[in-house]
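See below for my_file_6.cif, which holds mmCIF, C-alpha atoms.
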```cif
data_target
loop_
_atom_site.label_atom_id
_atom_site.label_comp_id
_atom_site.auth_asym_id
_atom_site.auth_seq_id
_atom_site.Cartn_x
_atom_site.Cartn_y
_atom_site.Cartn_z
CA MET A 1 -51.05 160.89 210.21
CA ASN A 2 -49.86 163.42 212.70
CA ARG A 3 -51.15 164.54 216.03
CA THR A 4 -52.51 167.87 214.95
CA VAL A 5 -55.49 166.32 213.15
CA PRO A 6 -57.34 164.98 216.23
CA ARG A 7 -56.54 168.14 218.16
CA ALA A 8 -57.92 170.34 215.41
CA ALA A 9 -61.04 168.16 215.30
CA LEU A 10 -61.41 168.47 219.07
CA ALA A 11 -61.06 172.24 219.00
CA ALA A 12 -63.50 172.53 216.10
CA THR A 13 -66.16 170.46 217.87
CA VAL A 14 -65.87 172.34 221.13
CA VAL A 15 -66.40 175.58 219.22
CA ALA A 16 -69.33 174.06 217.31
CA VAL A 17 -71.04 172.78 220.46
CA LEU A 18 -70.58 176.11 222.22
CA ALA A 19 -71.93 178.00 219.23
CA ALA A 20 -74.96 175.73 219.09
CA THR A 21 -75.75 176.07 222.78
CA THR A 22 -75.17 179.75 223.40
CA GLY A 23 -77.65 180.89 220.79
CA CYS A 24 -80.60 180.21 223.04
CA GLY A 25 -80.84 181.70 226.49
CA GLY A 26 -83.49 181.37 229.19
CA SER A 27 -86.26 178.84 229.27
CA ASP A 28 -87.54 177.46 225.98
CA ILE A 29 -91.02 176.88 227.35
CA THR A 30 -93.10 180.05 227.42
CA SER A 31 -96.83 180.69 227.63
CA GLY A 32 -96.80 182.13 224.11
CA ARG A 33 -95.25 179.01 222.60
CA LEU A 34 -97.59 176.74 224.52
CA GLU A 35 -100.61 178.71 223.33
CA HIS A 36 -99.31 178.59 219.78
CA ALA A 37 -99.02 174.78 219.95
CA LEU A 38 -102.05 173.87 222.06
CA GLY A 39 -104.67 176.11 220.41
CA PRO A 40 -104.46 174.62 216.89
CA THR A 41 -104.04 171.10 218.33
CA PHE A 42 -107.26 171.46 220.31
CA ARG A 43 -109.08 172.77 217.23
CA ASN A 44 -107.92 169.81 215.11
CA LEU A 45 -108.82 167.27 217.80
CA PHE A 46 -112.24 168.86 218.30
CA VAL A 47 -112.98 168.38 214.60
CA LEU A 48 -111.72 164.80 214.88
CA GLN A 49 -113.98 164.10 217.88
CA GLN A 50 -117.05 165.54 216.18
CA THR A 51 -116.33 163.44 213.09
CA GLU A 52 -116.05 160.31 215.21
CA LEU A 53 -119.22 161.09 217.18
CA HIS A 54 -121.48 162.18 214.33
CA GLY A 55 -119.86 160.81 211.19
CA THR A 56 -119.51 164.32 209.82
CA ASP A 57 -118.19 167.51 211.32
CA ASN A 58 -121.23 169.80 211.34
CA ALA A 59 -120.58 171.44 214.69
CA PRO A 60 -119.32 175.01 214.70
CA SER A 61 -115.57 174.73 214.51
CA PRO A 62 -113.71 176.44 217.33
CA ASP A 63 -110.92 178.91 216.71
CA THR A 64 -107.28 178.28 217.59
CA TRP A 65 -107.34 180.68 220.53
CA ALA A 66 -105.67 179.56 223.76
CA ASN A 67 -104.56 181.35 226.89
CA CYS A 68 -102.03 179.58 229.09
CA ALA A 69 -100.68 180.45 232.52
CA LYS A 70 -98.36 178.71 234.93
CA GLY A 71 -98.77 178.30 238.68
CA GLY A 72 -101.86 180.38 239.46
CA ARG A 73 -100.86 183.48 237.55
CA ALA A 74 -103.48 185.28 235.47
CA SER A 75 -101.42 184.71 232.35
CA GLY A 76 -97.82 184.18 231.37
CA GLY A 77 -95.10 182.22 233.13
CA SER A 78 -92.44 179.95 231.72
CA GLY A 79 -90.66 176.65 232.24
CA PRO A 80 -91.75 173.01 232.47
CA GLY A 81 -94.10 171.86 235.23
CA ASP A 82 -97.46 170.27 236.01
CA ASP A 83 -99.11 173.51 237.11
CA TRP A 84 -100.00 174.95 233.71
CA VAL A 85 -103.61 175.79 232.93
CA CYS A 86 -104.75 176.55 229.41
CA LEU A 87 -108.10 178.05 228.42
CA VAL A 88 -109.52 177.18 225.01
CA HIS A 89 -112.78 178.04 223.30
CA TRP A 90 -115.39 175.28 223.37
CA PRO A 91 -118.15 175.83 220.83
CA ALA A 92 -121.34 174.70 222.55
CA PRO A 93 -124.12 173.30 220.33
CA SER A 94 -126.15 176.43 221.03
CA GLY A 95 -123.56 178.41 219.14
CA ILE A 96 -122.28 180.16 222.22
CA THR A 97 -118.56 179.74 222.75
CA GLN A 98 -117.48 179.07 226.31
CA PRO A 99 -113.96 178.82 227.71
CA VAL A 100 -112.76 175.40 228.86
CA ALA A 101 -109.80 174.92 231.18
CA TYR A 102 -107.28 172.18 230.41
CA GLU A 103 -104.77 171.15 233.06
CA VAL A 104 -101.45 170.90 231.29
CA THR A 105 -98.18 169.21 232.26
CA VAL A 106 -95.20 170.42 230.26
CA ARG A 107 -92.11 168.21 230.36
CA PRO A 108 -88.55 169.51 229.96
CA THR A 109 -88.46 167.93 226.48
CA GLY A 110 -91.01 170.51 225.32
CA CYS A 111 -93.86 168.01 225.03
CA TYR A 112 -97.04 168.44 227.02
CA THR A 113 -100.06 166.45 228.18
CA ALA A 114 -103.39 168.27 228.48
CA GLN A 115 -106.35 166.90 230.42
CA GLY A 116 -109.79 168.38 230.01
CA PRO A 117 -112.95 168.32 232.16
CA ALA A 118 -114.64 164.98 231.40
CA THR A 119 -118.10 166.48 232.02
CA LEU A 120 -117.68 168.60 228.92
CA VAL A 121 -115.18 166.82 226.67
CA GLY A 122 -116.32 163.27 227.47
CA GLN A 123 -114.74 160.19 229.01
CA GLN A 124 -111.59 158.40 227.84
CA TRP A 125 -113.57 156.16 225.48
CA ILE A 126 -116.46 157.33 223.33
CA LYS A 127 -118.92 155.45 221.17
CA GLY A 128 -118.67 156.65 217.62
CA ALA A 129 -121.31 157.05 214.92
CA ASP A 130 -120.08 153.76 213.44
CA GLY A 131 -120.98 151.91 216.66
CA HIS A 132 -117.37 151.20 217.56
CA GLN A 133 -115.49 152.39 220.62
CA HIS A 134 -112.99 155.15 219.94
CA THR A 135 -110.24 156.82 221.93
CA ASN A 136 -111.66 160.22 222.88
CA PRO A 137 -109.15 162.65 221.36
CA LEU A 138 -110.13 165.46 223.72
CA TYR A 139 -110.11 163.58 227.07
CA GLU A 140 -106.34 163.77 227.26
CA PHE A 141 -104.00 164.74 224.48
CA ASP A 142 -100.28 165.10 223.88
CA GLY A 143 -98.41 167.60 221.84
CA CYS A 144 -95.02 169.21 221.52
CA LEU A 145 -94.05 172.82 221.18
CA ASP A 146 -91.56 174.32 218.84
CA THR A 147 -88.99 175.75 221.20
CA ALA A 148 -87.24 177.71 218.46
CA MET B 1 -70.16 137.90 205.20
CA THR B 2 -67.65 135.07 205.02
CA ALA B 3 -67.89 134.97 201.26
CA LEU B 4 -67.30 138.69 201.17
CA ALA B 5 -64.23 138.44 203.33
CA LEU B 6 -62.79 135.54 201.41
CA GLY B 7 -63.77 136.78 197.98
CA ALA B 8 -62.14 140.16 198.24
CA ARG B 9 -58.64 140.45 199.63
CA PRO B 10 -57.88 144.11 199.11
CA ARG B 11 -54.62 145.72 199.98
CA GLY B 12 -56.49 148.42 201.86
CA GLY B 13 -55.82 147.79 205.53
CA VAL B 14 -58.94 149.45 206.89
CA ARG B 15 -61.19 147.31 204.70
CA THR B 16 -59.51 144.11 205.84
CA VAL B 17 -59.80 145.06 209.51
CA TYR B 18 -63.42 146.13 209.01
CA LEU B 19 -64.49 142.89 207.30
CA TRP B 20 -62.60 140.79 209.83
CA GLU B 21 -64.30 142.63 212.70
CA LEU B 22 -67.72 142.11 211.11
CA GLU B 23 -67.00 138.42 210.79
CA LYS B 24 -66.02 138.23 214.47
CA LEU B 25 -69.17 140.14 215.43
CA THR B 26 -71.59 137.96 213.51
CA ALA B 27 -70.10 134.91 215.21
CA GLN B 28 -70.84 136.24 218.73
CA TRP B 29 -73.99 134.95 220.42
CA ARG B 30 -74.36 138.27 222.23
CA VAL B 31 -74.54 140.19 218.96
CA ARG B 32 -77.01 137.73 217.46
CA ALA B 33 -79.15 137.91 220.61
CA VAL B 34 -79.29 141.72 220.50
CA ALA B 35 -80.27 141.61 216.81
CA ALA B 36 -83.01 139.08 217.49
CA VAL B 37 -84.35 141.07 220.46
CA CYS B 38 -84.48 144.27 218.39
CA LEU B 39 -86.50 142.57 215.70
CA LEU B 40 -88.84 140.52 217.90
CA ALA B 41 -89.36 142.61 221.04
CA PRO B 42 -91.80 145.01 219.29
CA PHE B 43 -94.03 142.05 218.38
CA ALA B 44 -94.04 140.86 222.00
CA PHE B 45 -94.81 144.45 223.08
CA VAL B 46 -97.83 144.73 220.78
CA LEU B 47 -99.13 141.28 221.72
CA ALA B 48 -98.86 142.22 225.42
CA LEU B 49 -100.76 145.47 224.74
CA LYS B 50 -103.53 143.65 222.90
CA THR B 51 -104.31 141.52 225.94
CA GLN B 52 -105.25 144.54 228.05
CA ASP B 53 -107.34 147.70 227.89
CA THR B 54 -104.80 150.07 229.42
CA VAL B 55 -102.56 152.13 227.21
CA PRO B 56 -99.02 153.44 227.86
CA SER B 57 -100.38 156.99 228.05
CA ASP B 58 -97.23 158.37 229.70
CA THR B 59 -95.42 158.02 226.37
CA LEU B 60 -96.19 160.09 223.28
CA PHE B 61 -98.64 158.26 220.98
CA GLY B 62 -99.25 155.71 223.76
CA ARG B 63 -102.94 156.63 223.77
CA TRP B 64 -103.28 155.58 220.13
CA VAL B 65 -101.69 152.11 220.20
CA HIS B 66 -105.06 150.39 219.81
CA ASP B 67 -106.24 152.76 217.09
CA THR B 68 -103.39 152.73 214.60
CA GLY B 69 -100.33 150.56 214.03
CA TYR B 70 -98.23 153.61 213.23
CA ALA B 71 -98.36 154.64 216.88
CA VAL B 72 -96.35 151.51 217.78
CA PRO B 73 -92.99 152.45 216.19
CA LEU B 74 -93.26 155.93 217.73
CA VAL B 75 -94.02 154.57 221.21
CA VAL B 76 -91.12 152.10 220.92
CA LEU B 77 -88.91 154.95 219.73
CA GLY B 78 -89.85 156.95 222.83
CA PHE B 79 -88.87 154.06 225.10
CA ALA B 80 -85.77 153.02 223.17
CA GLY B 81 -84.38 156.52 222.94
CA GLN B 82 -84.65 156.95 226.65
CA TRP B 83 -83.16 153.67 227.81
CA GLY B 84 -82.32 151.31 224.99
CA PHE B 85 -80.00 152.79 222.40
CA PRO B 86 -77.07 153.78 224.66
CA LEU B 87 -76.96 150.25 226.08
CA LEU B 88 -77.67 148.36 222.82
CA THR B 89 -75.01 150.11 220.78
CA SER B 90 -72.44 149.76 223.58
CA VAL B 91 -72.81 145.99 223.56
CA VAL B 92 -70.43 146.07 220.62
CA ALA B 93 -68.78 149.50 220.83
CA GLY B 94 -67.80 149.09 224.48
CA ASP B 95 -66.31 145.68 223.86
CA ILE B 96 -64.62 145.97 220.47
CA PHE B 97 -61.30 147.32 221.77
CA ALA B 98 -61.41 145.93 225.29
CA SER B 99 -61.87 142.38 224.00
CA GLU B 100 -58.33 142.53 222.62
CA ASP B 101 -57.19 143.28 226.19
CA HIS B 102 -59.36 140.51 227.54
CA HIS B 103 -57.88 137.97 225.14
CA GLY B 104 -54.39 139.49 225.24
CA THR B 105 -54.29 139.80 221.46
CA TRP B 106 -53.07 143.38 220.96
CA GLN B 107 -49.48 142.34 220.26
CA THR B 108 -50.71 139.75 217.75
CA ILE B 109 -52.86 142.07 215.66
CA LEU B 110 -50.37 144.94 215.80
CA THR B 111 -47.71 142.74 214.26
CA ARG B 112 -49.98 141.96 211.29
CA SER B 113 -48.66 144.90 209.24
CA ARG B 114 -51.71 146.99 210.04
CA THR B 115 -51.16 150.38 211.59
CA ARG B 116 -52.96 151.49 214.72
CA ALA B 117 -54.87 154.02 212.65
CA GLN B 118 -56.13 151.27 210.34
CA ILE B 119 -57.14 149.03 213.22
CA PHE B 120 -58.85 151.94 214.98
CA THR B 121 -60.77 152.97 211.85
CA GLY B 122 -61.79 149.41 210.99
CA LYS B 123 -63.06 148.70 214.49
CA VAL B 124 -64.93 152.01 214.75
CA LEU B 125 -66.58 151.37 211.39
CA ALA B 126 -67.62 147.90 212.54
CA ALA B 127 -69.12 149.31 215.75
CA ALA B 128 -70.95 152.00 213.75
CA THR B 129 -72.29 149.35 211.37
CA PHE B 130 -73.68 147.40 214.30
CA CYS B 131 -75.33 150.57 215.62
CA VAL B 132 -77.01 151.23 212.26
CA VAL B 133 -78.12 147.61 211.98
CA VAL B 134 -79.61 147.64 215.50
CA VAL B 135 -81.58 150.84 214.84
CA ALA B 136 -82.73 149.52 211.44
CA LEU B 137 -83.84 146.17 212.88
CA ALA B 138 -85.71 147.71 215.80
CA GLY B 139 -87.34 150.29 213.53
CA ALA B 140 -88.37 147.73 210.92
CA GLY B 141 -89.54 145.34 213.65
CA SER B 142 -91.73 147.92 215.36
CA ILE B 143 -93.26 149.27 212.14
CA ALA B 144 -93.98 145.71 210.99
CA ALA B 145 -95.42 144.76 214.40
CA GLY B 146 -97.69 147.81 214.39
CA VAL B 147 -98.96 147.47 210.84
CA LEU B 148 -99.37 143.67 210.93
CA LEU B 149 -100.89 143.34 214.41
CA VAL B 150 -102.86 146.61 214.75
CA GLY B 151 -103.35 147.91 211.22
CA HIS B 152 -102.57 150.86 208.99
CA GLN B 153 -105.20 153.36 210.08
CA PRO B 154 -104.44 157.09 209.82
CA LEU B 155 -102.26 158.53 212.59
CA VAL B 156 -103.23 161.49 214.77
CA ALA B 157 -100.18 163.76 214.67
CA LEU B 158 -98.85 165.83 217.57
CA ASP B 159 -100.79 168.88 216.34
CA GLY B 160 -104.04 166.91 216.19
CA SER B 161 -104.12 166.63 212.41
CA LEU B 162 -104.83 163.31 210.70
CA VAL B 163 -101.92 161.79 208.76
CA PRO B 164 -102.96 159.31 206.04
CA SER B 165 -101.50 155.80 206.07
CA GLY B 166 -98.72 156.18 203.49
CA ARG B 167 -97.43 159.44 204.91
CA ALA B 168 -97.59 157.99 208.44
CA ALA B 169 -95.32 155.14 207.33
CA GLU B 170 -92.87 157.67 205.86
CA LEU B 171 -92.90 159.67 209.10
CA ALA B 172 -92.24 156.53 211.17
CA VAL B 173 -89.21 155.67 209.01
CA LEU B 174 -87.95 159.27 209.10
CA SER B 175 -88.34 159.43 212.89
CA TRP B 176 -86.27 156.30 213.30
CA LEU B 177 -83.60 157.71 210.98
CA CYS B 178 -83.48 160.82 213.19
CA VAL B 179 -82.12 158.86 216.16
CA LEU B 180 -79.12 157.56 214.21
CA PRO B 181 -76.86 160.59 214.93
CA PRO B 182 -77.20 160.43 218.75
CA ALA B 183 -77.02 156.62 218.64
CA LEU B 184 -73.74 156.91 216.72
CA GLY B 185 -72.62 159.47 219.30
CA PHE B 186 -73.17 156.86 222.02
CA THR B 187 -71.26 154.36 219.85
CA ALA B 188 -68.29 156.74 219.85
CA LEU B 189 -68.65 157.12 223.60
CA GLY B 190 -68.61 153.32 223.92
CA VAL B 191 -65.44 153.17 221.81
CA LEU B 192 -63.80 155.74 224.08
CA PHE B 193 -64.82 153.82 227.23
CA SER B 194 -63.59 150.61 225.64
CA ILE B 195 -60.16 152.05 224.88
CA ALA B 196 -59.81 154.00 228.11
CA THR B 197 -60.96 151.35 230.59
CA ARG B 198 -59.59 148.31 228.68
CA HIS B 199 -62.47 146.43 230.25
CA SER B 200 -65.57 145.18 228.41
CA ALA B 201 -67.99 145.48 231.33
CA ALA B 202 -66.99 149.09 231.92
CA GLY B 203 -67.16 149.79 228.20
CA ILE B 204 -70.69 148.43 227.91
CA THR B 205 -72.20 149.91 231.08
CA GLY B 206 -70.30 153.22 230.94
CA PRO B 207 -72.23 154.85 228.07
CA ALA B 208 -75.54 153.54 229.43
CA LEU B 209 -74.71 155.15 232.78
CA VAL B 210 -73.76 158.42 231.08
CA GLY B 211 -77.08 158.33 229.22
CA LEU B 212 -78.94 157.78 232.48
CA LEU B 213 -77.13 160.66 234.21
CA MET B 214 -77.89 162.97 231.29
CA GLN B 215 -81.58 162.15 231.55
CA LEU B 216 -81.52 162.63 235.28
CA TYR B 217 -79.97 166.04 234.75
CA ALA B 218 -82.58 166.96 232.14
CA SER B 219 -85.47 166.02 234.42
CA LEU B 220 -83.98 167.74 237.50
CA ASN B 221 -83.30 170.81 235.42
CA GLY B 222 -86.95 170.77 234.45
CA LEU B 223 -88.22 170.46 238.01
CA GLY B 224 -85.89 172.96 239.63
CA GLY B 225 -85.93 175.55 236.88
CA LEU B 226 -82.20 176.16 237.09
CA GLY B 227 -82.38 179.06 234.65
CA TRP B 228 -79.25 179.38 232.54
CA LEU B 229 -78.46 175.69 233.07
CA ASP B 230 -81.20 175.12 230.48
CA LEU B 231 -78.35 175.67 228.05
CA VAL B 232 -76.63 172.53 229.29
CA SER B 233 -79.63 170.37 228.45
CA HIS B 234 -79.21 171.43 224.81
CA ALA B 235 -75.70 170.01 224.91
CA LEU B 236 -76.72 166.60 226.30
CA LEU B 237 -76.39 163.63 223.97
CA THR B 238 -79.80 162.30 225.09
CA THR B 239 -81.69 165.43 223.93
CA PRO B 240 -81.38 164.65 220.17
CA PHE B 241 -83.25 161.37 220.80
CA ASP B 242 -86.40 163.53 221.10
CA ALA B 243 -85.73 165.67 218.03
CA TRP B 244 -88.13 163.64 215.83
CA HIS B 245 -91.13 165.12 217.68
CA GLY B 246 -90.95 168.15 215.39
CA LEU B 247 -91.58 166.02 212.31
CA ILE B 248 -94.93 164.55 213.36
CA SER B 249 -97.01 167.63 212.64
CA ALA B 250 -98.72 169.36 209.74
CA ALA B 251 -96.41 172.30 210.49
CA PRO B 252 -93.10 170.51 211.13
CA TYR B 253 -90.15 172.27 212.74
CA TYR B 254 -86.55 171.25 212.32
CA ARG B 255 -84.41 173.28 214.70
CA PRO B 256 -84.16 170.51 217.35
CA LEU B 257 -83.04 168.13 214.58
CA VAL B 258 -80.31 170.43 213.29
CA GLU B 259 -79.17 171.21 216.83
CA GLY B 260 -79.16 167.46 217.58
CA TRP B 261 -77.00 166.73 214.55
CA VAL B 262 -74.45 169.34 215.63
CA VAL B 263 -74.37 168.05 219.22
CA SER B 264 -74.12 164.40 218.09
CA ALA B 265 -71.34 165.22 215.62
CA GLY B 266 -69.52 167.06 218.40
CA TYR B 267 -69.69 164.13 220.81
CA THR B 268 -68.69 161.69 218.07
CA ALA B 269 -65.67 163.75 217.01
CA VAL B 270 -64.47 164.42 220.56
CA CYS B 271 -64.85 160.79 221.70
CA LEU B 272 -63.20 159.36 218.59
CA ALA B 273 -60.33 161.87 218.74
CA ALA B 274 -59.72 161.14 222.43
CA GLY B 275 -59.99 157.39 221.83
CA TYR B 276 -57.55 157.53 218.94
CA LEU B 277 -55.05 159.58 220.96
CA LEU B 278 -55.22 157.08 223.85
CA LEU B 279 -54.74 154.13 221.53
CA ARG B 280 -51.92 155.81 219.66
CA ARG B 281 -49.99 156.71 222.80
CA ARG B 282 -50.49 153.39 224.52
CA ASP B 283 -47.33 151.37 225.10
CA PHE B 284 -48.23 147.82 224.13
CA THR B 285 -44.78 146.42 224.91
CA LYS B 286 -45.68 146.53 228.60
CA GLY B 287 -48.63 144.24 227.95
#
```

structure tokens encoding of this file:
Amino acid sequence: MNRTVPRAALAATVVAVLAATTGCGGSDITSGRLEHALGPTFRNLFVLQQTELHGTDNAPSPDTWANCAKGGRASGGSGPGDDWVCLVHWPAPSGITQPVAYEVTVRPTGCYTAQGPATLVGQQWIKGADGHQHTNPLYEFDGCLDTA
Amino acid sequence: MTALALGARPRGGVRTVYLWELEKLTAQWRVRAVAAVCLLAPFAFVLALKTQDTVPSDTLFGRWVHDTGYAVPLVVLGFAGQWGFPLLTSVVAGDIFASEDHHGTWQTILTRSRTRAQIFTGKVLAAATFCVVVVALAGAGSIAAGVLLVGHQPLVALDGSLVPSGRAAELAVLSWLCVLPPALGFTALGVLFSIATRHSAAGITGPALVGLLMQLYASLNGLGGLGWLDLVSHALLTTPFDAWHGLISAAPYYRPLVEGWVVSAGYTAVCLAAGYLLLRRRDFTKG
């Protein structure tokens, strides 16, 4: 054993860590990425809620569209915070799609919590078609965005 | 373990040191207590949850703890990654070198025809083994607690899709495996603290404090929006603890995992290299 081995290892790791960290500049959390994550998640959870409520999913399935904005802007913005608002399409039973606003908190880890209007999406607990109480998937939901 | 140590007396120095360290570890009440807590705490957690209606909704999957048992290991993982692993792994890593100072036994073991490199390697391997065992016990304990006490219903993934029971179990195991690299990074940090401070208490609390500071930085960075300092949060050893999030989805993504492996390997290599240099240059004749 000589002393050059640990030093070489140290130099190699410093280079590796720098290379890994410099590849990504700016904030990882953008409106585009949030929309890309939240839209499909809402769609999947809507199907899940309808299945729990009615046994089968016979409601018109919503699309994966979402429009997110941070801090009162019309659209866009970036970075973590509790002032995100995301619009998604809520398919009303009449067949007319209306936009629903979710208040979204995005944490620095890239995971978010979205809370919807209880008047439309229902309370925290819902009674399912099977007579049991279920966690309402749309009342509040979590997700994470791919920050790549 | 005793049978193993007695049965095989190899000439390889590292192996002898490693087995001897494991034997010392298994005899410590502190090590046994940590192992027992890792295995049993998830059961206590689930039993406590079952007595109330509220859910730990501030943690990922916390909303689903009453609906599926597979949410339990993921909730525990969220907690443990944030606070537990740096402290748990340091219980051994932070003490394994400093205890020789505490007992004044460095001169004794260094005259046992084992080189410093062999002693260093054996002790580091023993500390790493403990880290792996702790993660395995806590993971197995929380999966068992969830499935036995709540059930094996399908899991709602982070993209809202339903994951069937078998696949959910696989994902829980995979997620727990994903925290091994950063946990081993904190083990290496504990080893470095142990060698540098020569004091067990500092060795055990040091890495936990570093973990806490890293998390504080990450959350402040998030609140203040410090711009380019976002880069620093990628280089924190606590960030890879969250890398498993990408797996729990119908469209999984792996970049945080790969990045986490690189960062963890970097910390491990730097801490072990620095620790080895300190140990190698130390003058034990002065006591």

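The neighbours of B:Ala98 here are the residues that come within 6 Å of it, using only C-alpha atoms and leaving out any residue fewer than 6 positions away in the same chain; they are B:Ser194, B:Arg198, B:His199, B:Ser200.
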
Per residue of stretch 23-91 of chain B within 12 Å of stretch 113-135 of chain A, note the shortest atom pair and the distance in Å to one decimal, counting all atoms listed in the file, and order the rows by chain and increasing residue number, as JSON lines.
```
{"residue": "B:Asp53", "atom": "CA", "partner": "A:Trp125", "partner_atom": "CA", "distance": 10.8}
{"residue": "B:Thr54", "atom": "CA", "partner": "A:Gln124", "partner_atom": "CA", "distance": 10.9}
{"residue": "B:Val55", "atom": "CA", "partner": "A:Thr135", "partner_atom": "CA", "distance": 10.4}
{"residue": "B:Ser57", "atom": "CA", "partner": "A:Thr113", "partner_atom": "CA", "distance": 9.5}
{"residue": "B:Asp58", "atom": "CA", "partner": "A:Thr113", "partner_atom": "CA", "distance": 8.7}
{"residue": "B:Thr59", "atom": "CA", "partner": "A:Thr113", "partner_atom": "CA", "distance": 9.8}
{"residue": "B:Leu60", "atom": "CA", "partner": "A:Thr113", "partner_atom": "CA", "distance": 8.9}
{"residue": "B:Phe61", "atom": "CA", "partner": "A:Thr113", "partner_atom": "CA", "distance": 11.0}
{"residue": "B:Gly62", "atom": "CA", "partner": "A:Thr135", "partner_atom": "CA", "distance": 11.2}
{"residue": "B:Arg63", "atom": "CA", "partner": "A:Thr135", "partner_atom": "CA", "distance": 7.5}
{"residue": "B:Trp64", "atom": "CA", "partner": "A:Thr135", "partner_atom": "CA", "distance": 7.3}
{"residue": "B:Val65", "atom": "CA", "partner": "A:Thr135", "partner_atom": "CA", "distance": 9.9}
{"residue": "B:His66", "atom": "CA", "partner": "A:Thr135", "partner_atom": "CA", "distance": 8.5}
{"residue": "B:Asp67", "atom": "CA", "partner": "A:Thr135", "partner_atom": "CA", "distance": 7.5}
{"residue": "B:Thr68", "atom": "CA", "partner": "A:Thr135", "partner_atom": "CA", "distance": 10.8}
```

Restrict the distance test to all atoms listed in the file, flag each residue of chain B within 8 Å of chain A, and return the flagged residues as a PDB file with C-alpha atoms, in the frame of the given file.
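To be explicit, this is the file written out as iface32.pdb:
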```
ATOM      1  CA  LEU B  60     -96.190 160.090 223.280  1.00  0.00           C
ATOM      2  CA  PHE B  61     -98.640 158.260 220.980  1.00  0.00           C
ATOM      3  CA  ARG B  63    -102.940 156.630 223.770  1.00  0.00           C
ATOM      4  CA  TRP B  64    -103.280 155.580 220.130  1.00  0.00           C
ATOM      5  CA  ASP B  67    -106.240 152.760 217.090  1.00  0.00           C
ATOM      6  CA  LEU B 158     -98.850 165.830 217.570  1.00  0.00           C
ATOM      7  CA  ASP B 159    -100.790 168.880 216.340  1.00  0.00           C
ATOM      8  CA  GLY B 160    -104.040 166.910 216.190  1.00  0.00           C
ATOM      9  CA  SER B 161    -104.120 166.630 212.410  1.00  0.00           C
ATOM     10  CA  ALA B 218     -82.580 166.960 232.140  1.00  0.00           C
ATOM     11  CA  SER B 219     -85.470 166.020 234.420  1.00  0.00           C
ATOM     12  CA  ASN B 221     -83.300 170.810 235.420  1.00  0.00           C
ATOM     13  CA  GLY B 222     -86.950 170.770 234.450  1.00  0.00           C
ATOM     14  CA  LEU B 223     -88.220 170.460 238.010  1.00  0.00           C
ATOM     15  CA  GLY B 225     -85.930 175.550 236.880  1.00  0.00           C
ATOM     16  CA  GLY B 227     -82.380 179.060 234.650  1.00  0.00           C
ATOM     17  CA  TRP B 228     -79.250 179.380 232.540  1.00  0.00           C
ATOM     18  CA  ASP B 230     -81.200 175.120 230.480  1.00  0.00           C
ATOM     19  CA  LEU B 231     -78.350 175.670 228.050  1.00  0.00           C
ATOM     20  CA  VAL B 232     -76.630 172.530 229.290  1.00  0.00           C
ATOM     21  CA  HIS B 234     -79.210 171.430 224.810  1.00  0.00           C
ATOM     22  CA  ALA B 235     -75.700 170.010 224.910  1.00  0.00           C
ATOM     23  CA  THR B 239     -81.690 165.430 223.930  1.00  0.00           C
ATOM     24  CA  ASP B 242     -86.400 163.530 221.100  1.00  0.00           C
ATOM     25  CA  HIS B 245     -91.130 165.120 217.680  1.00  0.00           C
ATOM     26  CA  GLY B 246     -90.950 168.150 215.390  1.00  0.00           C
ATOM     27  CA  TYR B 253     -90.150 172.270 212.740  1.00  0.00           C
ATOM     28  CA  ARG B 255     -84.410 173.280 214.700  1.00  0.00           C
ATOM     29  CA  PRO B 256     -84.160 170.510 217.350  1.00  0.00           C
ATOM     30  CA  GLU B 259     -79.170 171.210 216.830  1.00  0.00           C
ATOM     31  CA  VAL B 262     -74.450 169.340 215.630  1.00  0.00           C
ATOM     32  CA  VAL B 263     -74.370 168.050 219.220  1.00  0.00           C
ATOM     33  CA  ALA B 265     -71.340 165.220 215.620  1.00  0.00           C
ATOM     34  CA  GLY B 266     -69.520 167.060 218.400  1.00  0.00           C
ATOM     35  CA  TYR B 267     -69.690 164.130 220.810  1.00  0.00           C
ATOM     36  CA  ALA B 269     -65.670 163.750 217.010  1.00  0.00           C
ATOM     37  CA  VAL B 270     -64.470 164.420 220.560  1.00  0.00           C
ATOM     38  CA  ALA B 273     -60.330 161.870 218.740  1.00  0.00           C
ATOM     39  CA  ALA B 274     -59.720 161.140 222.430  1.00  0.00           C
ATOM     40  CA  TYR B 276     -57.550 157.530 218.940  1.00  0.00           C
ATOM     41  CA  LEU B 277     -55.050 159.580 220.960  1.00  0.00           C
TER      42      LEU B 277
END
```

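Straight-line separation from atom CA of A:Pro99 to atom CA of A:Cys86: 9.6 Å.
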
> In Å to one decimal, how far is atom CA of B:Ala33 from atom CA of B:Leu192?
Replying inline: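 Separation between atom CA of B:Leu192 and atom CA of B:Ala33: 23.8 Å.
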
> Distance atom CA of B:Pro73-atom CA of B:Phe43, one decimal place?
Replying inline: 10.7 Å

> If we count all atoms listed in the file, what is near stretch 115-125 of chain B at a cut-off of 8 Å, once residues fewer than 4 positions away on the same chain are taken out, given as a list in words?
Replying inline: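 The contact residues come out as Gly13, Val14, Arg15, Thr16, Val17, Tyr18, Leu19, Glu21, Ala93, Ile96, Phe97, Leu110, Thr129, Ala188, Val191, Tyr276, Leu279 and Arg280 of chain B.
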
Given 5 Å of margin on each side, can you work out the centre and size in Å (one decimal) of an axis-aligned box holding every listed atom of stretch 42-55 of chain B, as AutoDock Vina command-line options?
```
--center_x -99.6 --center_y 146.5 --center_z 223.9 --size_x 25.5 --size_y 21.3 --size_z 21.0
```
